[in-house]
file target_35.txt (compact mmCIF, C-alpha atoms)
# COMPACT_ATOMS: atom_id res chain seq x y z
CA MET A 1203 200.26 76.27 37.98
CA ARG A 1204 201.59 75.90 34.44
CA LEU A 1205 201.99 79.68 34.30
CA ILE A 1206 203.91 79.68 37.60
CA SER A 1207 206.04 76.71 36.50
CA ALA A 1208 206.93 78.33 33.19
CA ALA A 1209 207.57 81.65 34.89
CA SER A 1210 209.93 79.91 37.33
CA ILE A 1211 211.98 78.47 34.48
CA TYR A 1212 212.04 81.78 32.66
CA LEU A 1213 213.00 83.44 35.93
CA GLY A 1214 215.89 81.03 36.40
CA ALA A 1215 217.12 81.66 32.88
CA GLY A 1216 216.62 85.40 33.35
CA VAL A 1217 218.52 85.42 36.63
CA VAL A 1218 221.49 83.64 35.06
CA ASN A 1219 221.27 85.76 31.94
CA LYS A 1220 221.05 89.08 33.79
CA ALA A 1221 223.53 88.01 36.44
CA ILE A 1222 226.32 87.86 33.90
CA PRO A 1223 226.71 91.66 33.63
CA PHE A 1224 226.88 91.73 37.44
CA LEU A 1225 229.48 88.99 37.47
CA LEU A 1226 231.47 91.14 35.06
CA LEU A 1227 231.18 94.25 37.24
CA PRO A 1228 234.00 93.36 39.67
CA VAL A 1229 236.22 92.52 36.69
CA LEU A 1230 235.40 95.51 34.52
CA THR A 1231 235.32 98.13 37.27
CA HIS A 1232 238.75 97.02 38.52
CA VAL A 1233 240.27 96.91 35.02
CA LEU A 1234 238.50 99.79 33.26
CA THR A 1235 238.52 103.41 34.34
CA PRO A 1236 235.12 105.12 34.66
CA GLU A 1237 235.82 106.84 31.33
CA GLU A 1238 236.52 103.52 29.56
CA TYR A 1239 233.39 102.05 31.13
CA GLY A 1240 231.59 105.08 29.75
CA PHE A 1241 232.70 104.18 26.20
CA LEU A 1242 231.32 100.66 26.67
CA ALA A 1243 228.04 102.06 28.02
CA ILE A 1244 227.66 104.36 25.00
CA TYR A 1245 228.21 101.43 22.59
CA GLN A 1246 225.50 99.40 24.30
CA VAL A 1247 223.16 102.40 24.37
CA LEU A 1248 223.55 102.95 20.62
CA ILE A 1249 222.72 99.30 19.94
CA ALA A 1250 219.55 99.63 21.98
CA PHE A 1251 218.63 102.88 20.21
CA CYS A 1252 219.11 101.24 16.81
CA ALA A 1253 217.04 98.15 17.67
CA PRO A 1254 213.58 99.76 17.17
CA PHE A 1255 214.44 100.77 13.60
CA VAL A 1256 216.10 97.51 12.62
CA GLY A 1257 213.99 95.05 14.61
CA MET A 1258 210.66 96.92 14.58
CA SER A 1259 209.38 94.61 17.37
CA MET A 1260 208.85 91.93 14.69
CA HIS A 1261 208.66 89.14 17.26
CA ILE A 1262 205.18 90.29 18.26
CA ASN A 1263 203.91 88.86 14.95
CA VAL A 1264 205.07 85.42 16.04
CA SER A 1265 203.02 85.58 19.26
CA ARG A 1266 199.97 87.02 17.50
CA ASN A 1267 199.83 84.29 14.85
CA PHE A 1268 201.39 81.20 16.40
CA ALA A 1269 198.17 79.78 17.87
CA LYS A 1270 196.07 80.80 14.87
CA VAL A 1271 197.89 79.27 11.88
CA SER A 1272 199.39 75.94 10.86
CA PRO A 1273 203.15 75.27 11.22
CA CYS A 1274 203.51 75.55 7.44
CA GLU A 1275 201.85 78.94 7.43
CA MET A 1276 203.91 80.01 10.44
CA ALA A 1277 207.07 79.12 8.51
CA LYS A 1278 205.96 81.49 5.75
CA TRP A 1279 205.38 84.23 8.31
CA ILE A 1280 208.84 83.73 9.78
CA GLY A 1281 210.38 83.69 6.31
CA ASN A 1282 208.88 87.09 5.55
CA LEU A 1283 209.96 88.39 8.95
CA PHE A 1284 213.56 87.48 8.17
CA ASN A 1285 213.27 89.03 4.70
CA VAL A 1286 212.21 92.34 6.20
CA LEU A 1287 214.84 92.06 8.95
CA SER A 1288 217.58 91.57 6.35
CA VAL A 1289 216.47 94.70 4.50
CA THR A 1290 216.30 96.83 7.65
CA THR A 1291 219.72 95.61 8.85
CA VAL A 1292 221.44 96.39 5.53
CA THR A 1293 219.70 99.76 5.44
CA GLY A 1294 220.95 100.47 8.95
CA VAL A 1295 224.53 99.64 8.00
CA ILE A 1296 224.33 101.98 4.99
CA VAL A 1297 222.85 104.83 7.06
CA PHE A 1298 225.43 104.46 9.83
CA SER A 1299 228.27 104.25 7.31
CA VAL A 1300 227.17 107.36 5.43
CA TYR A 1301 226.66 109.20 8.72
CA PHE A 1302 230.16 108.27 9.86
CA PHE A 1303 231.83 109.32 6.60
CA LEU A 1304 229.99 112.62 6.76
CA ARG A 1305 231.75 113.04 10.13
CA GLY A 1306 228.66 113.10 12.31
CA PRO A 1307 229.20 112.83 16.07
CA THR A 1308 229.81 109.20 17.11
CA PHE A 1309 230.31 109.86 20.85
CA GLY A 1310 234.01 109.04 20.48
CA LEU A 1311 233.46 105.50 19.12
CA PRO A 1312 235.85 104.29 16.37
CA GLY A 1313 234.30 103.94 12.92
CA LEU A 1314 234.09 100.13 12.80
CA TRP A 1315 232.42 99.98 16.19
CA PHE A 1316 229.92 102.64 15.17
CA VAL A 1317 229.01 100.85 11.92
CA SER A 1318 228.67 97.49 13.74
CA VAL A 1319 225.75 98.83 15.78
CA PRO A 1320 222.91 97.96 13.31
CA ILE A 1321 224.48 94.54 12.62
CA VAL A 1322 224.31 93.62 16.30
CA ALA A 1323 220.75 95.00 16.52
CA GLY A 1324 219.63 92.89 13.55
CA LEU A 1325 221.27 89.69 14.80
CA ASN A 1326 219.74 90.20 18.23
CA MET A 1327 216.28 90.43 16.68
CA GLY A 1328 216.89 87.18 14.79
CA ARG A 1329 217.73 85.57 18.11
CA THR A 1330 214.61 87.09 19.69
CA LEU A 1331 212.40 85.69 16.91
CA TYR A 1332 213.60 82.17 17.66
CA MET A 1333 213.22 82.61 21.41
CA THR A 1334 209.65 83.86 20.85
CA VAL A 1335 208.94 80.67 18.90
CA LEU A 1336 210.26 78.62 21.83
CA ARG A 1337 208.00 80.50 24.25
CA ASN A 1338 204.95 79.89 22.10
CA GLN A 1339 205.89 76.22 21.69
CA GLN A 1340 205.87 76.16 25.52
CA ARG A 1341 209.48 74.97 25.62
CA PRO A 1342 210.87 76.97 28.55
CA TYR A 1343 213.88 74.66 29.04
CA ALA A 1344 215.03 75.13 25.44
CA PHE A 1345 214.41 78.86 25.84
CA GLY A 1346 216.53 78.94 28.98
CA TRP A 1347 219.37 76.98 27.39
CA PHE A 1348 219.49 79.24 24.36
CA ALA A 1349 219.33 82.45 26.40
CA VAL A 1350 221.95 81.41 28.95
CA SER A 1351 224.36 79.95 26.39
CA GLY A 1352 224.53 83.23 24.51
CA SER A 1353 225.22 85.19 27.64
CA MET A 1354 227.83 82.70 28.84
CA LEU A 1355 229.70 83.00 25.55
CA ASP A 1356 229.50 86.78 25.86
CA MET A 1357 230.91 86.67 29.41
CA ILE A 1358 233.72 84.20 28.77
CA ALA A 1359 234.88 85.97 25.62
CA SER A 1360 234.73 89.34 27.37
CA VAL A 1361 236.80 88.20 30.37
CA VAL A 1362 239.45 86.56 28.19
CA LEU A 1363 239.74 89.53 25.84
CA VAL A 1364 239.73 92.18 28.57
CA ILE A 1365 242.08 90.47 31.03
CA ALA A 1366 244.22 88.00 29.07
CA PHE A 1367 244.60 90.13 25.94
CA GLY A 1368 244.33 93.54 27.60
CA LEU A 1369 241.91 94.92 25.00
CA GLY A 1370 240.07 97.20 27.45
CA TRP A 1371 236.47 98.13 26.74
CA GLN A 1372 236.83 96.91 23.16
CA GLY A 1373 237.39 93.38 24.46
CA ARG A 1374 233.95 93.54 26.06
CA GLY A 1375 232.58 94.96 22.80
CA ILE A 1376 234.03 92.01 20.84
CA GLY A 1377 232.27 89.66 23.28
CA ILE A 1378 228.95 91.40 22.61
CA PHE A 1379 229.45 91.34 18.84
CA GLY A 1380 230.68 87.73 18.70
CA SER A 1381 227.79 86.42 20.80
CA ALA A 1382 225.28 88.27 18.61
CA VAL A 1383 226.79 86.79 15.42
CA MET A 1384 226.95 83.20 16.67
CA PHE A 1385 223.51 83.03 18.25
CA GLY A 1386 221.81 85.06 15.54
CA LEU A 1387 223.04 82.50 13.00
CA LEU A 1388 222.14 79.60 15.31
CA ALA A 1389 218.60 80.95 15.65
CA PHE A 1390 218.20 80.99 11.88
CA GLY A 1391 219.66 77.47 11.63
CA PHE A 1392 217.36 76.02 14.28
CA LEU A 1393 214.29 77.52 12.62
CA TRP A 1394 215.41 76.08 9.28
CA CYS A 1395 215.99 72.60 10.75
CA GLN A 1396 212.56 72.63 12.44
CA ASP A 1397 210.83 73.58 9.17
CA LEU A 1398 209.82 76.88 10.70
CA TYR A 1399 211.51 78.98 8.04
CA SER A 1400 210.25 79.14 4.47
CA PHE A 1401 211.89 81.53 2.06
CA ASN A 1402 209.13 83.35 0.23
CA VAL A 1403 208.01 86.88 -0.48
CA ASP A 1404 204.34 87.37 0.35
CA ARG A 1405 203.21 90.93 -0.21
CA LYS A 1406 200.09 90.52 1.93
CA LYS A 1407 202.09 89.21 4.87
CA VAL A 1408 204.59 92.02 4.54
CA GLN A 1409 201.71 94.52 4.51
CA GLN A 1410 200.17 92.94 7.63
CA LEU A 1411 203.60 92.93 9.27
CA ALA A 1412 203.98 96.61 8.47
CA LYS A 1413 200.50 97.37 9.81
CA VAL A 1414 201.38 95.90 13.21
CA CYS A 1415 205.09 96.74 13.40
CA LEU A 1416 205.45 100.22 11.95
CA PRO A 1417 203.29 101.82 14.68
CA LEU A 1418 205.53 100.02 17.17
CA VAL A 1419 208.70 101.70 15.84
CA PRO A 1420 208.01 105.04 17.55
CA HIS A 1421 206.77 103.06 20.55
CA ALA A 1422 209.98 101.01 20.78
CA LEU A 1423 212.06 104.09 20.07
CA GLY A 1424 210.25 105.92 22.85
CA VAL A 1425 210.99 103.06 25.24
CA ALA A 1426 214.65 103.22 24.19
CA VAL A 1427 214.70 106.98 24.73
CA ILE A 1428 213.24 106.58 28.22
CA GLY A 1429 215.54 103.75 29.17
CA LEU A 1430 218.76 104.91 27.53
CA SER A 1431 218.85 108.66 26.87
CA ASP A 1432 219.80 109.27 30.50
CA ARG A 1433 223.34 108.06 29.79
CA LEU A 1434 223.66 110.19 26.67
CA PHE A 1435 222.55 113.27 28.61
CA VAL A 1436 224.97 112.49 31.45
CA GLU A 1437 227.75 112.03 28.90
CA GLN A 1438 227.06 115.37 27.26
CA MET A 1439 226.28 117.38 30.41
CA VAL A 1440 228.70 115.82 32.91
CA GLY A 1441 231.24 113.58 31.15
CA LYS A 1442 232.14 109.98 30.25
CA ALA A 1443 233.50 109.18 33.71
CA ALA A 1444 230.12 110.13 35.19
CA VAL A 1445 228.46 107.87 32.60
CA GLY A 1446 230.57 104.95 33.78
CA ILE A 1447 229.60 105.46 37.44
CA TYR A 1448 225.95 106.10 36.57
CA THR A 1449 225.83 102.92 34.45
CA VAL A 1450 227.03 100.79 37.38
CA GLY A 1451 224.16 102.11 39.53
CA HIS A 1452 221.77 101.68 36.61
CA ASN A 1453 222.81 98.03 36.25
CA PHE A 1454 222.02 97.37 39.91
CA GLY A 1455 218.61 99.02 39.66
CA MET A 1456 217.84 96.96 36.57
CA VAL A 1457 217.85 93.79 38.66
CA VAL A 1458 214.10 94.41 38.77
CA SER A 1459 214.01 93.83 35.01
CA ILE A 1460 215.14 90.22 35.55
CA PHE A 1461 211.78 89.45 37.16
CA VAL A 1462 209.91 91.70 34.73
CA GLY A 1463 211.33 89.81 31.77
CA ALA A 1464 210.84 86.37 33.30
CA PHE A 1465 207.21 86.98 34.20
CA GLY A 1466 206.53 88.70 30.89
CA ASN A 1467 207.86 85.70 28.96
CA ALA A 1468 205.37 83.46 30.74
CA TRP A 1469 202.52 86.01 30.85
CA SER A 1470 202.31 86.90 27.16
CA PRO A 1471 201.44 83.46 25.63
CA TRP A 1472 199.23 82.64 28.66
CA PHE A 1473 197.37 85.96 28.34
CA TYR A 1474 196.69 85.53 24.61
CA ARG A 1475 195.32 82.02 25.20
CA GLN A 1476 193.08 83.28 28.00
CA MET A 1477 191.66 86.04 25.80
CA VAL A 1478 190.27 83.51 23.31
CA ASN A 1479 186.59 83.07 24.25
CA ILE A 1480 187.16 85.00 27.47
CA THR A 1481 184.49 84.88 30.19
CA ASN A 1482 183.83 87.22 33.12
CA GLN A 1483 185.48 84.68 35.41
CA GLY A 1484 188.53 84.70 33.16
CA ARG A 1485 188.64 88.50 33.20
CA HIS A 1486 188.60 88.56 37.00
CA ARG A 1487 191.36 85.97 37.11
CA ILE A 1488 193.59 88.04 34.80
CA VAL A 1489 192.98 91.21 36.84
CA ARG A 1490 193.62 89.41 40.15
CA TYR A 1491 196.98 88.10 38.91
CA SER A 1492 197.82 91.56 37.54
CA TYR A 1493 197.28 93.27 40.90
CA MET A 1494 199.31 90.62 42.70
CA TYR A 1495 202.13 91.28 40.26
CA PHE A 1496 201.90 95.08 40.70
CA VAL A 1497 202.33 94.78 44.47
CA GLY A 1498 205.11 92.22 44.15
CA ILE A 1499 207.18 94.25 41.71
CA ILE A 1500 207.05 97.40 43.87
CA LEU A 1501 208.17 95.42 46.92
CA LEU A 1502 210.97 93.94 44.82
CA ALA A 1503 212.18 97.42 43.83
CA MET A 1504 212.41 98.35 47.52
CA LEU A 1505 214.31 95.15 48.30
CA VAL A 1506 216.79 95.73 45.47
CA THR A 1507 217.43 99.24 46.77
CA VAL A 1508 218.13 98.05 50.32
CA VAL A 1509 220.39 95.20 49.22
CA SER A 1510 222.37 97.46 46.89
CA GLN A 1511 223.34 99.70 49.80
CA VAL A 1512 225.36 96.81 51.20
CA LEU A 1513 226.34 94.85 48.11
CA LEU A 1514 227.40 97.50 45.61
CA PRO A 1515 230.37 98.88 47.56
CA LEU A 1516 231.64 95.31 48.05
CA VAL A 1517 231.73 94.29 44.37
CA VAL A 1518 232.94 97.41 42.55
CA ALA A 1519 236.11 99.46 42.72
CA THR A 1520 236.17 102.40 45.12
CA GLU A 1521 235.83 105.04 42.40
CA TYR A 1522 232.42 103.56 41.47
CA SER A 1523 230.96 103.48 45.01
CA SER A 1524 228.88 106.64 44.51
CA ALA A 1525 226.76 104.67 42.01
CA VAL A 1526 224.58 103.48 44.91
CA GLN A 1527 222.61 106.76 44.92
CA TYR A 1528 221.02 105.94 41.53
CA VAL A 1529 219.63 102.51 42.39
CA LEU A 1530 216.31 103.54 44.02
CA TRP A 1531 215.08 105.65 41.12
CA ILE A 1532 216.13 103.12 38.48
CA ALA A 1533 214.55 100.21 40.39
CA VAL A 1534 211.24 102.09 40.80
CA GLY A 1535 211.32 103.09 37.14
CA TYR A 1536 211.69 99.47 36.01
CA ALA A 1537 208.95 98.42 38.41
CA PHE A 1538 206.60 100.74 36.47
CA ARG A 1539 208.04 99.32 33.26
CA GLY A 1540 207.13 95.87 34.54
CA MET A 1541 203.54 96.96 35.19
CA TYR A 1542 203.41 98.33 31.66
CA THR A 1543 204.33 94.91 30.21
CA ILE A 1544 201.17 93.49 31.81
CA VAL A 1545 198.79 95.99 30.20
CA TYR A 1546 200.20 96.61 26.73
CA PRO A 1547 199.28 93.10 25.39
CA TYR A 1548 195.64 94.26 25.42
CA LEU A 1549 196.51 96.73 22.66
CA ALA A 1550 198.39 94.12 20.63
CA TYR A 1551 195.48 91.69 21.01
CA GLU A 1552 193.02 94.27 19.75
CA ALA A 1553 195.47 95.38 16.97
CA ARG A 1554 195.34 98.92 18.38
CA THR A 1555 199.10 99.45 18.70
CA ASN A 1556 198.97 102.98 17.27
CA PHE A 1557 198.32 104.36 20.74
CA LEU A 1558 201.51 102.80 22.04
CA GLY A 1559 203.51 105.07 19.78
CA VAL A 1560 201.56 108.12 20.92
CA MET A 1561 201.76 107.34 24.63
CA THR A 1562 205.38 106.32 24.59
CA GLY A 1563 206.20 109.39 22.48
CA VAL A 1564 204.64 111.63 25.13
CA ALA A 1565 206.61 109.84 27.86
CA ALA A 1566 209.82 110.04 25.81
CA VAL A 1567 209.47 113.80 25.29
CA LEU A 1568 208.80 114.17 29.00
CA ASN A 1569 211.93 112.13 29.65
CA LEU A 1570 214.12 114.26 27.37
CA VAL A 1571 212.90 117.49 28.93
CA GLY A 1572 213.16 115.99 32.40
CA ASN A 1573 216.73 114.81 31.77
CA TYR A 1574 217.88 118.29 30.85
CA PHE A 1575 216.23 120.16 33.68
CA LEU A 1576 216.66 117.56 36.43
CA ILE A 1577 220.33 116.97 35.61
CA SER A 1578 220.85 120.73 35.61
CA LEU A 1579 219.18 120.96 39.04
CA ASN A 1580 220.27 117.74 40.77
CA GLY A 1581 223.25 116.43 38.82
CA PRO A 1582 223.37 112.89 37.35
CA ILE A 1583 220.72 111.61 39.77
CA GLY A 1584 218.24 113.80 37.86
CA ALA A 1585 218.60 111.40 34.94
CA ALA A 1586 217.47 108.50 37.13
CA GLN A 1587 214.54 110.56 38.43
CA SER A 1588 213.49 111.45 34.90
CA THR A 1589 213.59 107.77 33.88
CA ALA A 1590 211.30 106.75 36.76
CA LEU A 1591 208.83 109.56 35.96
CA ALA A 1592 208.65 108.69 32.25
CA PHE A 1593 208.08 104.96 32.85
CA ALA A 1594 205.31 105.79 35.34
CA VAL A 1595 203.53 108.05 32.83
CA SER A 1596 203.88 105.42 30.08
CA PHE A 1597 202.33 102.74 32.30
CA LEU A 1598 199.41 104.84 33.55
CA GLY A 1599 198.50 106.12 30.09
CA THR A 1600 198.65 102.66 28.51
CA TRP A 1601 196.64 101.12 31.36
CA TRP A 1602 193.91 103.73 30.90
CA TYR A 1603 193.68 103.16 27.14
CA ALA A 1604 193.84 99.36 27.46
CA ASN A 1605 190.78 99.42 29.71
CA ARG A 1606 189.03 101.75 27.29
CA ILE A 1607 189.36 99.38 24.29
CA CYS A 1608 189.17 96.14 26.29
CA PRO A 1609 187.22 96.73 29.53
CA MET A 1610 188.39 94.65 32.46
CA PRO A 1611 187.16 94.53 36.08
CA TRP A 1612 189.99 96.67 37.45
CA GLY A 1613 187.48 98.24 39.85
CA GLY A 1614 186.04 94.87 40.84
CA ARG A 1615 183.05 94.73 38.49
CA ILE A 1616 182.27 94.53 34.81
CA ALA A 1617 179.03 94.40 32.88
CA ASP A 1618 177.49 90.94 32.41
CA GLU A 1619 178.08 89.26 29.09
call {"tool": "encode", "arguments": {"input": "target_35.txt", "output": "structure tokens"}}
result
Amino acid sequence: MRLISAASIYLGAGVVNKAIPFLLLPVLTHVLTPEEYGFLAIYQVLIAFCAPFVGMSMHINVSRNFAKVSPCEMAKWIGNLFNVLSVTTVTGVIVFSVYFFLRGPTFGLPGLWFVSVPIVAGLNMGRTLYMTVLRNQQRPYAFGWFAVSGSMLDMIASVVLVIAFGLGWQGRGIGIFGSAVMFGLLAFGFLWCQDLYSFNVDRKKVQQLAKVCLPLVPHALGVAVIGLSDRLFVEQMVGKAAVGIYTVGHNFGMVVSIFVGAFGNAWSPWFYRQMVNITNQGRHRIVRYSYMYFVGIILLAMLVTVVSQVLLPLVVATEYSSAVQYVLWIAVGYAFRGMYTIVYPYLAYEARTNFLGVMTGVAAVLNLVGNYFLISLNGPIGAAQSTALAFAVSFLGTWWYANRICPMPWGGRIADE
């Protein structure tokens, strides 16, 4: 019941948080042309692509250690996490700046916007570190407040800048950047005030961080490739206007990710606690809940698809109405992504994250090849089909390996202890 209660709060926060982009859709699609919306989509895609290199999934170290160490020791861990995050963010800014001055392709983005990408990625990871602490402190209300407040600031600033000041897609970009700056700094301040940040340089902790996080860089990059390269392929093979329309359909399909994220936020700390001194009864309970979730998330993807057929044409401008064709494939893809979030914690628990990079790399390559050929054959909808296929392969491969290193009664039985 505590799991369900926490999941409900996370779900509420996730619904509000994820609803904000949908609340912005009627505004943005009536103010921005599909091409301008395409510029905005590319900016957000680049931030997501940069995140694996800058953030390196550092927040997983908070979950792995929170229940094992004292608050004082946890503060030292978080201090070293922020040290590494500062270095990776500055490195990202330097790399992006050099790349821009060497006149590399920036997908049409102005120089300052291009260079701001790693800054936003780093600040977002700082915010994620604090929210991970809140989850492990079992403070879902504080988590919800922090998550929703950031998104509300983003939305309000975006609407004012786009409509009142007529700044176009860049007004929305300023909202994204400003929210990242404010709440990244707030996250650091809250950790400091709660004595959960201790500035220190501990070589052993940095080495342990690298051992867990570095194998996750290709994994996180692979996830970004699967989830985001579709828009880059559409931009290059079809055009920015097509990217804008595709992104609207993609946003509707991603409604599934609201529930994926909410349940995952509750599942992760609960799962790690259950795995301490696990019994056969506990294994069966975990598997039973997992199967219930698998069925529920597939049914949700079907529901999202049906609802979008009616809702999407009502909330977006006429020139975006063709976006409805992409919703089914994106919703199914994120349903498989949701199943994946249930099985990958086994690898983190066993400190066997190397396989995540391998499996996700295979799925990412499949996605890149699939994007090219399926878009060539079917048009932009091929990108959505390739996304669904890659997420399915990633889930099935990770599920197989998770059961290999940590056997669970997926078939109904397991050897006696």
call {"tool": "residues_around", "arguments": {"input": "target_35.txt", "residues": "Val1317 of chain A", "least_positions_apart": "3", "cutoff": "8 Å", "atoms": "all atoms listed in the file", "output": "VMD selection string"}}
result
chain A and resid 1295 1298 to 1299 1302 1313 to 1314 1320 to 1321
call {"tool": "atom_distance", "arguments": {"input": "target_35.txt", "atom1": "atom CA of Phe1435 of chain A", "atom2": "atom CA of Ala1585 of chain A"}}
result
7.7 Å
call {"tool": "residues_around", "arguments": {"input": "target_35.txt", "residues": "Glu1437 of chain A", "least_positions_apart": "4", "cutoff": "12 Å", "atoms": "only C-alpha atoms", "output": "count of residues only"}}
result
29
call {"tool": "residues_around", "arguments": {"input": "target_35.txt", "residues": "segment 1213-1229 of chain A", "least_positions_apart": "2", "cutoff": "10 Å", "atoms": "all atoms listed in the file", "output": "MDAnalysis selection string"}}
result
chainID A and resid 1206:1211 1231:1234 1342:1343 1345:1354 1356:1358 1360:1361 1364:1365 1374 1450 1453:1454 1456:1457 1459:1468 1514 1516:1519
call {"tool": "closest_residue", "arguments": {"input": "target_35.txt", "among": "A:Lys1278, A:Glu1552, A:Lys1270, A:Ser1578", "to": "Lys1406 of chain A", "atoms": "only C-alpha atoms"}}
result
A:Lys1278
call {"tool": "residues_near_point", "arguments": {"input": "target_35.txt", "point": "(199.3, 95.1, 22.0)", "cutoff": "12 Å", "atoms": "all atoms listed in the file", "output": "PyMOL selection string"}}
result
chain A and resi 1259+1262-1263+1265-1266+1414-1415+1417-1418+1421+1470+1473-1474+1542-1559+1600-1601+1603-1604+1607-1608
call {"tool": "atom_distance", "arguments": {"input": "target_35.txt", "atom1": "atom CA of Arg1539 of chain A", "atom2": "atom CA of Ala1426 of chain A"}}
result
11.9 Å
call {"tool": "atom_distance", "arguments": {"input": "target_35.txt", "atom1": "atom CA of Tyr1495 of chain A", "atom2": "atom CA of Leu1591 of chain A"}}
result
19.9 Å
call {"tool": "residues_around", "arguments": {"input": "target_35.txt", "residues": "segment 1382-1398 of chain A", "least_positions_apart": "2", "cutoff": "12 Å", "atoms": "all atoms listed in the file", "output": "PyMOL selection string"}}
result
chain A and resi 1249+1264+1268+1272-1285+1287-1288+1318-1336+1339+1344-1345+1347-1356+1375-1380+1400-1401
call {"tool": "closest_residue", "arguments": {"input": "target_35.txt", "among": "A:Leu1505, A:Val1286, A:Ile1296, A:Ile1488", "to": "Asp1404 of chain A", "atoms": "all atoms listed in the file"}}
result
A:Val1286
call {"tool": "closest_residue", "arguments": {"input": "target_35.txt", "among": "A:Asn1605, A:Gln1246, A:Gln1587, A:Thr1235", "to": "Arg1485 of chain A", "atoms": "all atoms listed in the file"}}
result
A:Asn1605
call {"tool": "closest_residue", "arguments": {"input": "target_35.txt", "among": "A:Asn1569, A:His1261, A:Ala1594, A:Gly1455", "to": "Tyr1528 of chain A", "atoms": "all atoms listed in the file"}}
result
A:Gly1455
call {"tool": "axis_aligned_box", "arguments": {"input": "target_35.txt", "around": "segment 1405-1417 of chain A", "padding_each_side": "4 Å", "output": "JSON"}}
result
{"center_x": 202.8, "center_y": 95.5, "center_z": 7.2, "size_x": 13.4, "size_y": 20.6, "size_z": 22.9}
